[in-house]
Amino acid sequence: MSTQQIPVVVIGAGPVGLAAAAHLVEQDLEPLVLEAGPSAGTAVREWSHVRLFSPWGEVTDPAAEKLLAPTGWAEPDAAAYPSGGDWAEQYLQPLAEALGDRVRFGATVTGVARAGRDRVVDTDREAQPYVVHVRYADGREERVTARAVVDASGTWAIPGPAGGSGLPALGEQAAADRITYRVP
Ligand SMILES: Cc1cc2nc3c(=O)[nH]c(=O)nc-3n(C[C@H](O)[C@H](O)[C@H](O)COP(=O)(O)OP(=O)(O)OC[C@H]3O[C@@H](n4cnc5c(N)ncnc54)[C@H](O)[C@@H]3O)c2cc1C
């Protein structure tokens with residue numbers, strides 16, 4: 001396989017990962033989006049009832065719109081405000097469908113390394129392709145060779161602590177069972 005054919009792995013089919021994939025296609029690079037959840041915008045769908053503070057015109061990507069145009073995508077009113085559910089259903093899911101086989105669902109990335117390099121052997125590390133370890137929802141595992149990796153896995157699954165400076169507030173960990181970090 002030539003370097004040109006090795007995909008750029010994108011971790012996550014959220015707004016950033018799917019936009020990154022659209023830009024890669026625009027640059028004639030082959031993306032492979034690996035999404036842990038069952039559909040596009042898995043994290044966004046967890047707050048599907050909440051309305052965004054940005055209008056449609058600010059939450060769609062130009063390269064993505066180019067991919068969507070030939071599919072008959074109905075471009076939303078740029079001045080209207082979508083809910084998380086609208087964002088996922090009316091933009092992210094159609095975009096994932098336009099990307100076709102380049103998006104795999106139920107595919108959790110569990111590790112990223114440089115091929116043949118580890119703690120002992122690290123010569124020429126930067127020149128090696130990446131190896132991405134994937135665990136599928138049905139239990140299968142696979143190693144995918146990638147020319148580059150875009151981490152668009154977001155922060156939804158790892159919310160920041162309540163304390164300042166990125167550290168837990170004093171007493172936060174002891175009270176963890178009484179704290180909810182996400183949108184109810
Ligand atoms: C209530 C709320 C309202 C918001 N309103 C706005 C707004 O109005 N305007 C605005 O600009 N932003 C808004 N945001 C922020 C915006 O939603 C985020 O900036 C955006 O979703 C980030 O996109 P992302 O693709 O980086 O990450 P995410 O949307 O978090 O997507 C990451 C994806 O990666 C997947 N993933 C995670 N780990 C792995 C793994 N190991 N392997 C494979 N897949 C993985 C997840 O399942 C998920 O689908 C809002 C956020 C919230 C919570």
# chains A, B, ... in the order shown; residues from 1 in each chain; ligands from 1
$ residues_around --residues "segment 142-146 of chain A" --least-positions-apart "3" --cutoff "10 Å" --atoms "only C-alpha atoms" --output "list in words"
Thr3, Gln5, Ile6, Pro7, Val8, Val9, Val10, Glu30, Pro31, Leu32, Ala107, Val109, Gly111, Val112, Ala113, Arg114, Ala115, Gln128, Pro129, Tyr130, Val131, Val132, His133, Val134, Arg135, Tyr136 and Val149 of chain A
$ residues_near_ligand --ligand "ligand 1" --cutoff "7 Å" --atoms "only C-alpha atoms and all ligand atoms" --output "number ranges by chain"
A: 11-17, 34-37, 40-44, 47, 50-54, 59, 107-110, 152-157, 183
$ closest_residue --among "A:Arg117, A:Arg125, A:Arg102, A:Arg178" --to "Leu29 of chain A" --atoms "only C-alpha atoms"
A:Arg102
$ select_by_dssp --residues "segment 6-158 of chain A" --states "helix (DSSP H, G or I)" --output "MDAnalysis selection string"
chainID A and resid 15:26 44:47 56:58 62:71 84:102 125:127
$ select_by_dssp --residues "segment 61-152 of chain A" --states "strand (DSSP E or B)" --output "PyMOL selection string"
chain A and resi 83+103-104+107-114+130-136+141-146+148-151
$ residues_around --residues "Pro70 of chain A" --least-positions-apart "4" --cutoff "12 Å" --atoms "only C-alpha atoms" --output "tab-separated table (two decimals) with N, CA and C atoms, in the first residue's frame"
chain	number	residue	atom	x	y	z
A	64	ALA	N	-17.89	20.42	4.50
A	64	ALA	CA	-18.98	19.46	4.71
A	64	ALA	C	-20.17	19.82	3.81
A	65	GLU	N	-20.47	21.11	3.72
A	65	GLU	CA	-21.59	21.55	2.87
A	65	GLU	C	-21.34	21.16	1.41
A	66	LYS	N	-20.09	21.23	0.98
A	66	LYS	CA	-19.76	20.84	-0.41
A	66	LYS	C	-20.04	19.36	-0.64
A	74	ALA	N	-31.04	19.43	2.45
A	74	ALA	CA	-31.80	20.68	2.61
A	74	ALA	C	-31.06	21.55	3.61
A	75	GLU	N	-30.38	22.58	3.10
A	75	GLU	CA	-29.59	23.45	3.98
A	75	GLU	C	-30.52	24.20	4.93
A	94	PRO	N	-26.58	13.09	8.05
A	94	PRO	CA	-26.44	13.13	6.58
A	94	PRO	C	-24.99	13.25	6.13
A	95	LEU	N	-24.18	13.99	6.91
A	95	LEU	CA	-22.76	14.15	6.55
A	95	LEU	C	-22.04	12.80	6.66
A	98	ALA	N	-22.98	10.81	3.71
A	98	ALA	CA	-22.29	11.26	2.50
A	98	ALA	C	-20.84	10.74	2.48
